[in-house]
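File shown: structure-v7.pdb. Contents: PDB, C-alpha atoms, pLDDT in the B column.
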```pdb
ATOM      1  CA  MET A  22      -2.106 -16.717  57.488  1.00 32.00           C
ATOM      2  CA  ASN A  23       0.401 -15.820  54.789  1.00 35.00           C
ATOM      3  CA  HIS A  24       0.199 -17.535  51.446  1.00 34.00           C
ATOM      4  CA  SER A  25       1.936 -17.487  48.106  1.00 37.00           C
ATOM      5  CA  ALA A  26       0.237 -17.039  44.763  1.00 44.00           C
ATOM      6  CA  VAL A  27       1.079 -16.271  41.193  1.00 40.00           C
ATOM      7  CA  THR A  28      -0.552 -13.815  38.833  1.00 41.00           C
ATOM      8  CA  PRO A  29      -0.756 -14.761  35.126  1.00 38.00           C
ATOM      9  CA  THR A  30       0.693 -12.222  32.674  1.00 38.00           C
ATOM     10  CA  LEU A  31       1.403 -12.140  28.990  1.00 36.00           C
ATOM     11  CA  PHE A  32       4.997 -13.238  29.565  1.00 36.00           C
ATOM     12  CA  GLY A  33       4.573 -15.780  32.362  1.00 39.00           C
ATOM     13  CA  THR A  34       3.756 -15.224  36.019  1.00 45.00           C
ATOM     14  CA  THR A  35       4.089 -12.370  38.472  1.00 57.00           C
ATOM     15  CA  PRO A  36       4.658 -13.615  42.032  1.00 62.00           C
ATOM     16  CA  ARG A  37       2.418 -12.486  44.864  1.00 66.00           C
ATOM     17  CA  THR A  38       3.474 -13.222  48.418  1.00 67.00           C
ATOM     18  CA  ALA A  39       1.851 -12.599  51.813  1.00 76.00           C
ATOM     19  CA  ASP A  40      -1.576 -11.081  52.379  1.00 89.00           C
ATOM     20  CA  ALA A  41      -2.565  -7.549  51.419  1.00 94.00           C
ATOM     21  CA  PRO A  42      -3.376  -5.397  54.469  1.00 95.00           C
ATOM     22  CA  ARG A  43      -7.047  -4.643  55.012  1.00 94.00           C
ATOM     23  CA  ILE A  44      -8.300  -1.101  55.389  1.00 97.00           C
ATOM     24  CA  ALA A  45     -10.330  -0.508  58.546  1.00 96.00           C
ATOM     25  CA  TYR A  46     -13.986   0.355  58.061  1.00 96.00           C
ATOM     26  CA  ASP A  47     -14.715   4.087  57.890  1.00 96.00           C
ATOM     27  CA  ARG A  48     -18.366   5.143  57.667  1.00 95.00           C
ATOM     28  CA  ASP A  49     -17.404   8.093  55.426  1.00 96.00           C
ATOM     29  CA  LEU A  50     -15.417   5.864  53.053  1.00 98.00           C
ATOM     30  CA  PRO A  51     -17.060   2.435  53.436  1.00 97.00           C
ATOM     31  CA  VAL A  52     -15.905   1.081  50.062  1.00 97.00           C
ATOM     32  CA  LEU A  53     -12.243   1.110  51.107  1.00 98.00           C
ATOM     33  CA  SER A  54     -12.650  -1.775  53.555  1.00 98.00           C
ATOM     34  CA  ASP A  55     -14.158  -3.987  50.825  1.00 97.00           C
ATOM     35  CA  LEU A  56     -11.536  -3.470  48.112  1.00 98.00           C
ATOM     36  CA  ASP A  57     -10.085  -6.693  46.716  1.00 97.00           C
ATOM     37  CA  TRP A  58      -6.387  -5.807  46.666  1.00 97.00           C
ATOM     38  CA  PRO A  59      -5.098  -9.091  45.193  1.00 97.00           C
ATOM     39  CA  ALA A  60      -7.546  -8.660  42.288  1.00 97.00           C
ATOM     40  CA  LEU A  61      -6.435  -5.033  41.801  1.00 98.00           C
ATOM     41  CA  TYR A  62      -2.810  -6.191  41.856  1.00 98.00           C
ATOM     42  CA  ASP A  63      -3.637  -8.740  39.152  1.00 97.00           C
ATOM     43  CA  ARG A  64      -5.233  -6.059  36.974  1.00 97.00           C
ATOM     44  CA  LEU A  65      -2.269  -3.756  37.509  1.00 98.00           C
ATOM     45  CA  ASN A  66       0.074  -6.452  36.238  1.00 96.00           C
ATOM     46  CA  GLU A  67      -2.162  -7.395  33.331  1.00 95.00           C
ATOM     47  CA  ARG A  68      -2.787  -3.875  31.949  1.00 95.00           C
ATOM     48  CA  GLY A  69      -0.364  -1.552  33.737  1.00 96.00           C
ATOM     49  CA  VAL A  70      -3.314   0.257  35.366  1.00 98.00           C
ATOM     50  CA  ALA A  71      -6.046  -0.952  37.737  1.00 98.00           C
ATOM     51  CA  LEU A  72      -9.475   0.669  37.936  1.00 98.00           C
ATOM     52  CA  THR A  73     -11.150   0.542  41.353  1.00 98.00           C
ATOM     53  CA  PRO A  74     -14.858   0.583  42.166  1.00 98.00           C
ATOM     54  CA  PRO A  75     -16.154   4.087  43.023  1.00 98.00           C
ATOM     55  CA  LEU A  76     -14.286   5.263  46.116  1.00 98.00           C
ATOM     56  CA  LEU A  77     -16.095   8.584  46.563  1.00 98.00           C
ATOM     57  CA  SER A  78     -19.747   9.616  46.408  1.00 98.00           C
ATOM     58  CA  ARG A  79     -21.046  12.445  44.233  1.00 98.00           C
ATOM     59  CA  GLU A  80     -21.275  14.607  47.387  1.00 98.00           C
ATOM     60  CA  GLN A  81     -17.646  13.919  48.337  1.00 98.00           C
ATOM     61  CA  CYS A  82     -16.490  14.688  44.800  1.00 98.00           C
ATOM     62  CA  GLU A  83     -18.408  17.976  44.882  1.00 98.00           C
ATOM     63  CA  GLU A  84     -16.851  18.775  48.270  1.00 98.00           C
ATOM     64  CA  LEU A  85     -13.376  18.485  46.772  1.00 98.00           C
ATOM     65  CA  ILE A  86     -14.317  20.441  43.645  1.00 98.00           C
ATOM     66  CA  GLY A  87     -15.778  23.178  45.842  1.00 98.00           C
ATOM     67  CA  MET A  88     -12.360  23.786  47.439  1.00 97.00           C
ATOM     68  CA  PHE A  89     -10.654  24.567  44.134  1.00 98.00           C
ATOM     69  CA  ASP A  90     -11.068  28.352  44.400  1.00 96.00           C
ATOM     70  CA  ASP A  91     -10.076  28.518  48.077  1.00 97.00           C
ATOM     71  CA  ASP A  92      -6.433  29.615  47.919  1.00 93.00           C
ATOM     72  CA  GLY A  93      -5.933  28.879  51.613  1.00 96.00           C
ATOM     73  CA  VAL A  94      -6.263  25.147  50.920  1.00 98.00           C
ATOM     74  CA  PHE A  95      -3.358  25.013  48.445  1.00 98.00           C
ATOM     75  CA  ARG A  96       0.387  25.647  48.517  1.00 98.00           C
ATOM     76  CA  SER A  97       0.829  26.356  44.804  1.00 98.00           C
ATOM     77  CA  THR A  98      -1.011  26.687  41.502  1.00 98.00           C
ATOM     78  CA  VAL A  99       0.369  25.507  38.152  1.00 98.00           C
ATOM     79  CA  VAL A 100      -0.964  26.920  34.883  1.00 98.00           C
ATOM     80  CA  MET A 101       0.153  24.126  32.599  1.00 98.00           C
ATOM     81  CA  GLN A 102       0.626  26.007  29.330  1.00 98.00           C
ATOM     82  CA  ARG A 103       3.296  28.222  30.946  1.00 97.00           C
ATOM     83  CA  TYR A 104       5.564  25.173  31.255  1.00 97.00           C
ATOM     84  CA  ASN A 105       4.532  23.257  28.116  1.00 97.00           C
ATOM     85  CA  PHE A 106       2.878  20.624  30.322  1.00 98.00           C
ATOM     86  CA  GLY A 107      -0.294  20.794  28.239  1.00 98.00           C
ATOM     87  CA  ARG A 108      -3.228  23.096  28.983  1.00 98.00           C
ATOM     88  CA  GLY A 109      -5.230  23.402  32.183  1.00 98.00           C
ATOM     89  CA  THR A 110      -4.643  24.159  35.856  1.00 98.00           C
ATOM     90  CA  TYR A 111      -3.680  22.070  38.845  1.00 98.00           C
ATOM     91  CA  LYS A 112      -3.148  22.931  42.486  1.00 98.00           C
ATOM     92  CA  TYR A 113      -1.104  21.209  45.198  1.00 98.00           C
ATOM     93  CA  TYR A 114      -2.729  20.967  48.610  1.00 98.00           C
ATOM     94  CA  ALA A 115      -1.022  22.602  51.591  1.00 98.00           C
ATOM     95  CA  HIS A 116      -0.599  21.171  55.077  1.00 96.00           C
ATOM     96  CA  PRO A 117      -2.827  20.389  56.830  1.00 97.00           C
ATOM     97  CA  LEU A 118      -4.483  18.404  54.066  1.00 98.00           C
ATOM     98  CA  PRO A 119      -8.296  18.494  53.909  1.00 98.00           C
ATOM     99  CA  SER A 120      -9.655  15.660  56.029  1.00 98.00           C
ATOM    100  CA  LEU A 121     -11.010  13.651  53.090  1.00 98.00           C
ATOM    101  CA  VAL A 122      -7.706  13.855  51.194  1.00 98.00           C
ATOM    102  CA  ARG A 123      -5.697  12.983  54.311  1.00 98.00           C
ATOM    103  CA  VAL A 124      -7.816   9.932  55.173  1.00 98.00           C
ATOM    104  CA  LEU A 125      -7.752   8.649  51.592  1.00 98.00           C
ATOM    105  CA  ARG A 126      -3.971   8.993  51.402  1.00 98.00           C
ATOM    106  CA  GLU A 127      -3.295   7.386  54.786  1.00 98.00           C
ATOM    107  CA  SER A 128      -5.778   4.547  54.240  1.00 98.00           C
ATOM    108  CA  LEU A 129      -4.775   3.651  50.686  1.00 98.00           C
ATOM    109  CA  TYR A 130      -1.036   3.720  51.305  1.00 98.00           C
ATOM    110  CA  PRO A 131      -0.605   0.372  53.187  1.00 98.00           C
ATOM    111  CA  PRO A 132      -2.135  -1.880  50.490  1.00 98.00           C
ATOM    112  CA  LEU A 133      -0.302   0.089  47.809  1.00 98.00           C
ATOM    113  CA  ALA A 134       2.926  -0.434  49.752  1.00 98.00           C
ATOM    114  CA  TRP A 135       2.104  -4.146  49.722  1.00 98.00           C
ATOM    115  CA  MET A 136       1.824  -3.967  45.926  1.00 98.00           C
ATOM    116  CA  ALA A 137       5.050  -1.965  45.621  1.00 98.00           C
ATOM    117  CA  ASN A 138       6.887  -4.457  47.802  1.00 97.00           C
ATOM    118  CA  GLN A 139       5.768  -7.340  45.567  1.00 97.00           C
ATOM    119  CA  TRP A 140       7.383  -5.488  42.680  1.00 97.00           C
ATOM    120  CA  ALA A 141      10.596  -4.565  44.508  1.00 97.00           C
ATOM    121  CA  PRO A 142      12.547  -7.834  44.005  1.00 96.00           C
ATOM    122  CA  MET A 143      11.421  -8.052  40.374  1.00 96.00           C
ATOM    123  CA  LEU A 144      12.778  -4.574  39.709  1.00 96.00           C
ATOM    124  CA  GLY A 145      15.843  -4.965  41.941  1.00 96.00           C
ATOM    125  CA  GLU A 146      14.656  -2.014  44.019  1.00 97.00           C
ATOM    126  CA  ARG A 147      14.057  -1.173  47.671  1.00 97.00           C
ATOM    127  CA  THR A 148      10.955  -1.991  49.684  1.00 98.00           C
ATOM    128  CA  PHE A 149       8.798   0.625  51.411  1.00 98.00           C
ATOM    129  CA  PRO A 150       7.535   1.018  54.997  1.00 98.00           C
ATOM    130  CA  ASP A 151       4.104  -0.183  56.025  1.00 96.00           C
ATOM    131  CA  THR A 152       2.668   3.233  56.944  1.00 98.00           C
ATOM    132  CA  LEU A 153       2.522   6.616  55.249  1.00 98.00           C
ATOM    133  CA  ALA A 154       3.852   8.277  58.408  1.00 98.00           C
ATOM    134  CA  GLU A 155       7.094   6.314  58.074  1.00 98.00           C
ATOM    135  CA  LEU A 156       7.451   7.224  54.404  1.00 98.00           C
ATOM    136  CA  THR A 157       6.751  10.891  55.204  1.00 98.00           C
ATOM    137  CA  GLU A 158       9.494  10.851  57.862  1.00 98.00           C
ATOM    138  CA  GLU A 159      11.923   9.388  55.358  1.00 98.00           C
ATOM    139  CA  CYS A 160      11.007  12.024  52.781  1.00 98.00           C
ATOM    140  CA  ALA A 161      11.486  14.812  55.331  1.00 98.00           C
ATOM    141  CA  ALA A 162      14.931  13.516  56.270  1.00 98.00           C
ATOM    142  CA  ASN A 163      15.803  13.711  52.566  1.00 98.00           C
ATOM    143  CA  GLY A 164      14.590  17.308  52.244  1.00 98.00           C
ATOM    144  CA  GLN A 165      11.240  16.375  50.691  1.00 98.00           C
ATOM    145  CA  HIS A 166       8.767  18.317  52.839  1.00 97.00           C
ATOM    146  CA  ARG A 167       6.063  19.557  50.473  1.00 98.00           C
ATOM    147  CA  PRO A 168       2.788  17.597  50.140  1.00 98.00           C
ATOM    148  CA  THR A 169       2.054  16.276  46.649  1.00 98.00           C
ATOM    149  CA  PRO A 170      -1.708  15.496  46.555  1.00 98.00           C
ATOM    150  CA  LEU A 171      -3.291  17.739  43.943  1.00 98.00           C
ATOM    151  CA  ILE A 172      -6.510  18.550  42.125  1.00 98.00           C
ATOM    152  CA  LEU A 173      -6.545  19.059  38.363  1.00 98.00           C
ATOM    153  CA  SER A 174      -9.118  21.072  36.433  1.00 98.00           C
ATOM    154  CA  TYR A 175      -9.493  20.951  32.649  1.00 98.00           C
ATOM    155  CA  GLY A 176     -11.949  22.883  30.495  1.00 98.00           C
ATOM    156  CA  GLU A 177     -12.669  22.630  26.787  1.00 98.00           C
ATOM    157  CA  GLY A 178      -9.471  21.960  24.827  1.00 98.00           C
ATOM    158  CA  ASP A 179      -7.377  21.345  27.960  1.00 98.00           C
ATOM    159  CA  HIS A 180      -5.114  18.304  28.124  1.00 98.00           C
ATOM    160  CA  ALA A 181      -1.992  16.915  29.827  1.00 98.00           C
ATOM    161  CA  CYS A 182       1.163  15.864  27.995  1.00 98.00           C
ATOM    162  CA  LEU A 183       2.682  12.495  28.857  1.00 98.00           C
ATOM    163  CA  HIS A 184       4.739  12.746  32.046  1.00 98.00           C
ATOM    164  CA  GLN A 185       5.853  11.138  35.316  1.00 97.00           C
ATOM    165  CA  ASP A 186       5.427  12.529  38.858  1.00 97.00           C
ATOM    166  CA  ILE A 187       8.873  12.125  40.457  1.00 97.00           C
ATOM    167  CA  TYR A 188       9.550  15.161  42.758  1.00 97.00           C
ATOM    168  CA  GLY A 189      12.740  13.925  44.474  1.00 97.00           C
ATOM    169  CA  ASP A 190      15.136  11.058  45.146  1.00 97.00           C
ATOM    170  CA  ILE A 191      12.569   9.112  47.189  1.00 98.00           C
ATOM    171  CA  VAL A 192       9.817   7.971  44.830  1.00 98.00           C
ATOM    172  CA  PHE A 193       6.958   5.728  45.920  1.00 98.00           C
ATOM    173  CA  PRO A 194       6.223   3.521  42.872  1.00 98.00           C
ATOM    174  CA  LEU A 195       2.413   3.827  42.669  1.00 98.00           C
ATOM    175  CA  GLN A 196      -0.183   6.577  42.662  1.00 98.00           C
ATOM    176  CA  ILE A 197      -3.959   6.938  42.376  1.00 98.00           C
ATOM    177  CA  ALA A 198      -6.073   9.402  40.405  1.00 98.00           C
ATOM    178  CA  ILE A 199      -9.775   9.674  41.297  1.00 98.00           C
ATOM    179  CA  MET A 200     -12.324  11.028  38.813  1.00 98.00           C
ATOM    180  CA  LEU A 201     -14.476  13.768  40.377  1.00 98.00           C
ATOM    181  CA  ASN A 202     -16.965  14.237  37.520  1.00 98.00           C
ATOM    182  CA  GLN A 203     -19.301  12.016  35.515  1.00 98.00           C
ATOM    183  CA  PRO A 204     -18.018  11.464  31.965  1.00 98.00           C
ATOM    184  CA  GLY A 205     -20.645  12.053  29.317  1.00 97.00           C
ATOM    185  CA  VAL A 206     -22.625  14.249  31.704  1.00 98.00           C
ATOM    186  CA  ASP A 207     -20.198  16.770  33.196  1.00 98.00           C
ATOM    187  CA  PHE A 208     -17.686  16.585  30.354  1.00 98.00           C
ATOM    188  CA  THR A 209     -16.797  14.751  27.148  1.00 98.00           C
ATOM    189  CA  GLY A 210     -13.366  13.703  25.887  1.00 98.00           C
ATOM    190  CA  GLY A 211     -10.512  13.887  28.390  1.00 98.00           C
ATOM    191  CA  GLU A 212      -9.630  10.180  28.389  1.00 98.00           C
ATOM    192  CA  ASN A 213      -6.739   8.983  30.545  1.00 98.00           C
ATOM    193  CA  VAL A 214      -3.813   7.663  28.512  1.00 98.00           C
ATOM    194  CA  PHE A 215      -0.986   5.436  29.789  1.00 98.00           C
ATOM    195  CA  VAL A 216       1.960   4.745  27.490  1.00 97.00           C
ATOM    196  CA  GLU A 217       4.396   1.927  28.217  1.00 96.00           C
ATOM    197  CA  GLN A 218       7.804   1.750  26.558  1.00 92.00           C
ATOM    198  CA  ARG A 219       8.869  -1.791  25.682  1.00 83.00           C
ATOM    199  CA  PRO A 220      12.529  -2.474  24.914  1.00 76.00           C
ATOM    200  CA  ARG A 221      13.061  -3.283  21.213  1.00 73.00           C
ATOM    201  CA  PHE A 222       9.317  -2.922  20.544  1.00 76.00           C
ATOM    202  CA  GLN A 223       7.009  -0.017  19.804  1.00 84.00           C
ATOM    203  CA  SER A 224       5.340   1.652  22.787  1.00 92.00           C
ATOM    204  CA  THR A 225       1.864   0.530  23.807  1.00 91.00           C
ATOM    205  CA  ALA A 226      -0.993   2.778  24.968  1.00 96.00           C
ATOM    206  CA  VAL A 227      -3.886   2.006  27.304  1.00 96.00           C
ATOM    207  CA  VAL A 228      -6.895   4.321  27.418  1.00 97.00           C
ATOM    208  CA  VAL A 229      -8.960   4.323  30.624  1.00 98.00           C
ATOM    209  CA  LYS A 230     -12.356   5.968  31.172  1.00 97.00           C
ATOM    210  CA  PRO A 231     -13.240   5.971  34.885  1.00 98.00           C
ATOM    211  CA  GLU A 232     -16.723   6.849  36.083  1.00 98.00           C
ATOM    212  CA  LEU A 233     -17.421   9.350  38.852  1.00 98.00           C
ATOM    213  CA  GLY A 234     -15.541   8.439  42.040  1.00 98.00           C
ATOM    214  CA  GLN A 235     -13.501   5.626  40.507  1.00 98.00           C
ATOM    215  CA  GLY A 236      -9.752   5.504  41.097  1.00 98.00           C
ATOM    216  CA  MET A 237      -6.942   4.492  38.761  1.00 98.00           C
ATOM    217  CA  ILE A 238      -3.874   2.833  40.267  1.00 98.00           C
ATOM    218  CA  PHE A 239      -0.809   3.136  38.043  1.00 98.00           C
ATOM    219  CA  PRO A 240       3.011   3.264  38.153  1.00 98.00           C
ATOM    220  CA  VAL A 241       4.866   6.486  38.807  1.00 98.00           C
ATOM    221  CA  ARG A 242       7.942   5.467  36.791  1.00 97.00           C
ATOM    222  CA  HIS A 243       7.867   1.859  35.574  1.00 97.00           C
ATOM    223  CA  ARG A 244       6.465  -1.601  36.178  1.00 97.00           C
ATOM    224  CA  PRO A 245       7.986  -5.089  36.052  1.00 96.00           C
ATOM    225  CA  VAL A 246       7.221  -7.248  33.027  1.00 93.00           C
ATOM    226  CA  ARG A 247       8.527 -10.784  32.656  1.00 91.00           C
ATOM    227  CA  GLY A 248      10.628 -11.541  29.596  1.00 86.00           C
ATOM    228  CA  ARG A 249      12.704 -14.517  28.495  1.00 84.00           C
ATOM    229  CA  ASN A 250      15.543 -13.578  30.830  1.00 86.00           C
ATOM    230  CA  GLY A 251      13.570 -12.487  33.866  1.00 90.00           C
ATOM    231  CA  TYR A 252      11.834  -9.259  34.792  1.00 94.00           C
ATOM    232  CA  ARG A 253      12.643  -5.842  33.432  1.00 92.00           C
ATOM    233  CA  GLY A 254      11.211  -2.420  34.185  1.00 94.00           C
ATOM    234  CA  HIS A 255       9.041  -0.948  31.446  1.00 95.00           C
ATOM    235  CA  PRO A 256       8.823   2.879  31.756  1.00 96.00           C
ATOM    236  CA  VAL A 257       5.265   4.210  31.952  1.00 97.00           C
ATOM    237  CA  ARG A 258       4.089   7.779  31.371  1.00 97.00           C
ATOM    238  CA  HIS A 259       0.569   9.125  31.731  1.00 98.00           C
ATOM    239  CA  GLY A 260      -1.430  11.993  30.283  1.00 98.00           C
ATOM    240  CA  THR A 261      -4.935  13.176  29.437  1.00 98.00           C
ATOM    241  CA  GLY A 262      -6.582  13.628  26.060  1.00 98.00           C
ATOM    242  CA  ALA A 263      -8.236  16.920  25.162  1.00 98.00           C
ATOM    243  CA  VAL A 264     -11.540  17.722  26.843  1.00 98.00           C
ATOM    244  CA  GLU A 265     -14.173  18.268  24.169  1.00 98.00           C
ATOM    245  CA  SER A 266     -16.819  19.954  26.327  1.00 98.00           C
ATOM    246  CA  GLY A 267     -17.597  20.729  29.960  1.00 98.00           C
ATOM    247  CA  ARG A 268     -15.152  20.606  32.860  1.00 98.00           C
ATOM    248  CA  ARG A 269     -13.133  17.626  34.056  1.00 98.00           C
ATOM    249  CA  GLN A 270     -11.599  17.482  37.550  1.00 98.00           C
ATOM    250  CA  THR A 271      -9.440  14.808  39.112  1.00 98.00           C
ATOM    251  CA  LEU A 272      -7.902  14.224  42.533  1.00 98.00           C
ATOM    252  CA  GLY A 273      -4.315  12.975  42.327  1.00 98.00           C
ATOM    253  CA  LEU A 274      -2.878  11.056  45.293  1.00 98.00           C
ATOM    254  CA  ILE A 275       0.912  10.833  45.169  1.00 98.00           C
ATOM    255  CA  PHE A 276       2.473   9.385  48.306  1.00 98.00           C
ATOM    256  CA  HIS A 277       6.054  10.666  48.374  1.00 98.00           C
ATOM    257  CA  ASP A 278       6.515  14.330  49.244  1.00 98.00           C
ATOM    258  CA  ALA A 279       8.378  16.870  47.108  1.00 98.00           C
ATOM    259  CA  ARG A 280      11.517  18.935  47.611  1.00 95.00           C
TER     260      ARG A 280
END
```

The structure in this file should be written as structure tokens.
Amino acid sequence: MNHSAVTPTLFGTTPRTADAPRIAYDRDLPVLSDLDWPALYDRLNERGVALTPPLLSREQCEELIGMFDDDGVFRSTVVMQRYNFGRGTYKYYAHPLPSLVRVLRESLYPPLAWMANQWAPMLGERTFPDTLAELTEECAANGQHRPTPLILSYGEGDHACLHQDIYGDIVFPLQIAIMLNQPGVDFTGGENVFVEQRPRFQSTAVVVKPELGQGMIFPVRHRPVRGRNGYRGHPVRHGTGAVESGRRQTLGLIFHDAR
């Protein structure tokens, strides 16, 4: 049964309508079916980023890390310092995506689309289809054919400058980054930083430190914040602080494809 609710925020309330779709149980990813999407939506509106429980096991994280040197798995490699993006390396997966990446992306998309569609009227923007397959078809019709999931690898001194992951005219509003290492054990430093620009105010920063397997849900471009005269979109950029020691690897799940 559908219901209406409101989420408290600093500036008033953020509406929440209908029920979030449930993810079917998968024995390889059992946590996904238990995620509390309304609670994650609340956190997203409160802080601009929502941290999930661990989505992946240590073994699954190591499986993804183990693919990093297999060039056949990826369509391109970006050495960040060549483009002034920061310092480090990331690689975009090729089709067909590895099974674990594909299942994560397909399973997580519907509840994220529910979140995005709550935001749409507040931002005066379009809504998105219920399934990733429909979004992928739309991207392809717009010339966006290249898959965007990626894995990032940072060693000592590596970092990412603040940025947004746009890739084309069709932009799905939310993405997820999943930590593949254990902070304090596999690496130190390398905190995730999210910076929100507020009209007529100084920017605000949120620092997030996920544990192994945890995901961070955050905006690709902006998020709605209620002001005195209604909602407005606050631009959000994300980056990574310098790694002090060890190696830090992250899986990035972006849902729109690239030109």

Counting only C-alpha atoms, which of A:Val216, A:Ala198, A:Leu56, A:Val94 gets nearest to Glu232 of chain A?
->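 Smallest distance to Glu232 of chain A is found for A:Ala198.
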
*Find the spatial neighbours of Glu155 of chain A, counting only C-alpha atoms, within a cut-off of 12 Å - ignore same-chain residues fewer than 2 positions away - and output them as a PyMOL selection string.*
chain A and resi 127+130-131+134+149-153+157-162+276-278

Straight-line distance linking atom CA of Leu85 of chain A with atom CA of Asn202 of chain A, stated in Å to one decimal:
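About the pair atom CA of Leu85 of chain A and atom CA of Asn202 of chain A: they are 10.8 Å apart.
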
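Residues matched by the PyMOL selection byres ((chain A and resi 108) around 7) in this structure: Met101, Gln102, Phe106, Gly107, Gly109, Asp179, His180 and Ala181 of chain A.
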
For this session: Kindly indicate which residue among A:Pro194, A:Pro256, A:Pro240, A:Gly273 lies nearest to Leu65 of chain A, using all atoms listed in the file for the distances.
Result: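 Closest to Leu65 of chain A of all the choices is A:Pro240.
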
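Of the residues listed (A:Ala45, A:Ala137, A:Leu76, A:Ala279), A:Ala279 shows the shortest atom-to-atom separation from Gly189 of chain A; distances use only C-alpha atoms.
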
Fill in: Selection result for the PyMOL selection byres ((chain A and resi 200) around 10) on this file, as an MDAnalysis selection string
chainID A and resid 75:77 82 173 197:199 201:204 230:237 269:273

| request: Could you list the residues chosen by the PyMOL selection byres ((chain A and resi 244) around 6) in this structure as an MDAnalysis selection string? | output: chainID A and resid 243 245 254:255

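Nearest-residue note for Glu84 of chain A: choosing from A:Ser224, A:Asn163, A:Ser120, A:Thr110, the minimum distance belongs to A:Ser120, counting all atoms listed in the file.
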
Have a look at atom CA of Glu265 of chain A and atom CA of Arg103 of chain A and let me know their distance in Å, one decimal.
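Distance between the two atoms: 21.2 Å.
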
Selection near Glu217 of chain A, 12 Å with only C-alpha atoms, sequence-local residues under 3 positions removed, as a ChimeraX atom specification:
/A:68-70,183-185,214,220,222-228,239-246,254-260

Need the neighbours of (-10.6, 22.1, 30.7): which residues are at most 7 Å away, counting all atoms listed in the file, as a PyMOL selection string?
-> chain A and resi 109+174-179+264+268-269

- request: Find, counting all atoms listed in the file, the residue in A:Gln218, A:Asn213, A:Gln139, A:Ser97 that gets nearest to His116 of chain A.
  value: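 Closest to His116 of chain A, using all atoms listed in the file: A:Ser97.
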
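Relative to atom CA of Asp49 of chain A, atom CA of Gln81 of chain A is found at 9.2 Å.
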
**Prompt:** Quick one: of A:Ala115, A:Ile187, A:Val192, A:Leu121, who's nearest to Asp92 of chain A, counting all atoms listed in the file?
**Reply:**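 Answer, going by the shortest atom-to-atom distance: A:Ala115.
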
Expected answer as an MDAnalysis selection string: all residues with atoms within 8 Å of (-5.2, 22.1, 40.2), all atoms listed in the file:
chainID A and resid 89 98:99 110:113 171:174
